[in-house]
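Step one of this worksheet: look at the structure below.
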Amino acid sequence: MGAFAALHFGFTYPERTRSLVIGGCGYGAAPDKKVQFAEETEAAAKRFEETGMSQAAIGYATAPSRVQFQNKDPRGWKEFADQLAGNSTKGSALTMRGVQKRRPSLFDLVDQIKTIAAPTLIMTGDEDWPCLEPAILMKRSIPTAGLVVLPNAGHTINLEEPAVFNQHVADFLHAADLGRWPVRDPRAMANAILGK
């Protein structure tokens with residue numbers, strides 16, 4: 001939800017945006033997954049309410065895009081799961097229904113996304129399947145975007161690969177602060193494979 005908020009900030013308040021880091025953005029964005037995402041979000045909210053966060057967090061923390069973290073760093077994953085279990089049951093259910101379930105698809109926001117002019121770094125894990133296509137969509141749509149895809153990584157890339165994640169962010173922020181983050185050359189978007 002943080003990456004989605006950052007993306008919205010970028011096109012809503014361009015005059016206040018120096019740079020953007022958008023990590024793991026796009027759950028439920030694929031047009032053919034909209035209904036499924038709404039159903040799964042509602043089911044998650046009900047699970048939170050019916051079993052409480054301490055129990056529901058186990059299932060949420062072992063979602064298909066979080067098992068990578070569990071496999072790489074069982075102790076770190078357990079800390080993540082324990083913190084998730086400590087979240088407010090009511091607050092988590094309301095967030096699922098009021099934010100996750102109701103947010104528009106990124107594919108419906110392309111016109112707004114194209115207006116982003118601030119240096120932008122998009123990051124995703126290569127096993128964060130719901131975020132891969134949206135990451136490419138954002139890369140194509142934002143002329144100042146760079147894309148980092150971390151190998152063998154899920155949704156919690158900042159926790160799974162903190163050193164690599166932080167290095168990419170630090171390098172990006174340094175380049176952006178120095179004015180060295182490029183705007184994409186329009187020729188890179190030509191509809192040709194080999195050129196002329």
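Naming scheme: A, B, ... for chains in displayed order of the structure tokens; residues 1 onward per chain; ligands 1 onward as shown.
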
Give me, as a list in words, all polymer residues having an atom no more than 9 Å from region 69-76 of chain A, counting only C-alpha atoms and skipping those fewer than 5 positions away in the same chain.
Ala61, Thr62, Ala81, Ala153, Gly154, His155, Thr156, Ile157, Leu159, Glu160 and Glu161 of chain A

Could the residues in this selection be written to a file with N, CA and C atoms, as a short mmCIF file (atom, residue, chain, number, x, y, z; two decimals), in the first residue's frame?
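The new file out_9.cif reads:
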```cif
data_model
loop_
_atom_site.label_atom_id
_atom_site.label_comp_id
_atom_site.auth_asym_id
_atom_site.auth_seq_id
_atom_site.Cartn_x
_atom_site.Cartn_y
_atom_site.Cartn_z
N ALA A 61 1.18 -14.05 6.13
CA ALA A 61 2.65 -14.05 6.06
C ALA A 61 3.21 -15.18 5.21
N THR A 62 2.37 -16.19 4.92
CA THR A 62 2.82 -17.29 4.07
C THR A 62 2.14 -17.25 2.71
N ALA A 81 6.27 -11.81 10.72
CA ALA A 81 4.97 -12.42 10.99
C ALA A 81 4.45 -12.04 12.38
N ALA A 153 13.01 -13.27 -5.50
CA ALA A 153 12.47 -12.44 -4.42
C ALA A 153 10.97 -12.27 -4.59
N GLY A 154 10.29 -12.14 -3.46
CA GLY A 154 8.86 -11.94 -3.44
C GLY A 154 8.50 -10.50 -3.19
N HIS A 155 7.43 -10.30 -2.42
CA HIS A 155 6.89 -8.96 -2.21
C HIS A 155 7.66 -8.15 -1.17
N THR A 156 8.23 -8.81 -0.20
CA THR A 156 8.90 -8.10 0.90
C THR A 156 10.38 -7.87 0.58
N ILE A 157 10.65 -7.29 -0.57
CA ILE A 157 12.03 -7.17 -1.06
C ILE A 157 12.93 -6.38 -0.12
N LEU A 159 12.86 -6.40 3.04
CA LEU A 159 13.20 -7.27 4.16
C LEU A 159 13.99 -8.49 3.71
N GLU A 160 13.67 -9.02 2.55
CA GLU A 160 14.35 -10.20 2.02
C GLU A 160 15.80 -9.90 1.64
N GLU A 161 15.98 -8.79 0.98
CA GLU A 161 17.30 -8.41 0.45
C GLU A 161 17.64 -6.99 0.87
#
```

Report as number ranges by chain: the residues of region 9-101 of chain A with a DSSP assignment of strand (DSSP E or B), based on the backbone of this structure.
A: 20-23

Gap from CA of Val148 (chain A) to CA of Ala3 (chain A) - Å, one decimal:
14.3 Å

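Take CA of Cys25 (chain A) and CA of Ile113 (chain A): the distance between them is 12.8 Å.
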
Do a neighbour search on region 8-21 of chain A at 8 Å with only C-alpha atoms, toss out local chain neighbours closer than 4 positions, and write the hits as a ChimeraX atom specification.
/A:3-4,112-113,115-123,169,173,176

Which one is closest to Pro143 (chain A): A:Trp181, A:Tyr27, A:Phe107, A:Phe172? Count only C-alpha atoms.
A:Trp181

To test your reading of the structure, identify every residue in region 11-81 of chain A that backbone DSSP assigns to alpha helix (DSSP H), and report it as an MDAnalysis selection string.
chainID A and resid 11:12 34:51 53:61 67:72 74:81

Go ahead and save the residues from that selection, with C-alpha atoms, as an mmCIF file, in the first residue's frame.
```cif
data_model
loop_
_atom_site.group_PDB
_atom_site.id
_atom_site.type_symbol
_atom_site.label_atom_id
_atom_site.label_comp_id
_atom_site.auth_asym_id
_atom_site.auth_seq_id
_atom_site.Cartn_x
_atom_site.Cartn_y
_atom_site.Cartn_z
ATOM 1 C CA PHE A 11 1.123 12.376 -9.960
ATOM 2 C CA THR A 12 -1.095 14.306 -7.537
ATOM 3 C CA LYS A 34 -9.787 -7.230 -10.501
ATOM 4 C CA VAL A 35 -12.703 -9.418 -9.373
ATOM 5 C CA GLN A 36 -10.398 -12.064 -7.906
ATOM 6 C CA PHE A 37 -8.458 -9.404 -6.012
ATOM 7 C CA ALA A 38 -11.642 -7.870 -4.571
ATOM 8 C CA GLU A 39 -12.869 -11.311 -3.497
ATOM 9 C CA GLU A 40 -9.533 -12.254 -1.900
ATOM 10 C CA THR A 41 -9.314 -8.892 -0.152
ATOM 11 C CA GLU A 42 -12.797 -9.302 1.313
ATOM 12 C CA ALA A 43 -11.954 -12.880 2.369
ATOM 13 C CA ALA A 44 -8.795 -11.625 4.104
ATOM 14 C CA ALA A 45 -10.777 -8.937 5.947
ATOM 15 C CA LYS A 46 -13.304 -11.558 7.110
ATOM 16 C CA ARG A 47 -10.487 -13.868 8.216
ATOM 17 C CA PHE A 48 -8.959 -11.040 10.245
ATOM 18 C CA GLU A 49 -12.309 -10.400 11.935
ATOM 19 C CA GLU A 50 -13.250 -14.034 12.516
ATOM 20 C CA THR A 51 -9.925 -15.416 13.724
ATOM 21 C CA MET A 53 -4.816 -10.972 13.620
ATOM 22 C CA SER A 54 -2.694 -13.315 15.725
ATOM 23 C CA GLN A 55 -4.117 -16.291 13.806
ATOM 24 C CA ALA A 56 -4.839 -14.660 10.436
ATOM 25 C CA ALA A 57 -1.318 -13.243 10.205
ATOM 26 C CA ILE A 58 0.091 -16.748 9.727
ATOM 27 C CA GLY A 59 -1.812 -17.202 6.467
ATOM 28 C CA TYR A 60 -1.067 -13.665 5.312
ATOM 29 C CA ALA A 61 2.646 -14.045 6.059
ATOM 30 C CA VAL A 67 7.285 -17.545 1.221
ATOM 31 C CA GLN A 68 10.543 -16.422 -0.408
ATOM 32 C CA PHE A 69 11.310 -14.375 2.708
ATOM 33 C CA GLN A 70 10.425 -17.310 4.951
ATOM 34 C CA ASN A 71 12.770 -19.589 2.978
ATOM 35 C CA LYS A 72 15.675 -17.110 2.898
ATOM 36 C CA PRO A 74 13.267 -17.862 8.802
ATOM 37 C CA ARG A 75 14.196 -15.720 11.829
ATOM 38 C CA GLY A 76 13.599 -12.428 10.026
ATOM 39 C CA TRP A 77 10.365 -13.776 8.539
ATOM 40 C CA LYS A 78 9.164 -14.846 12.006
ATOM 41 C CA GLU A 79 9.800 -11.335 13.311
ATOM 42 C CA PHE A 80 7.822 -9.957 10.360
ATOM 43 C CA ALA A 81 4.966 -12.415 10.991
#
```

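Here CA of Ala29 (chain A) and CA of Ala192 (chain A) stand 27.4 Å from one another.
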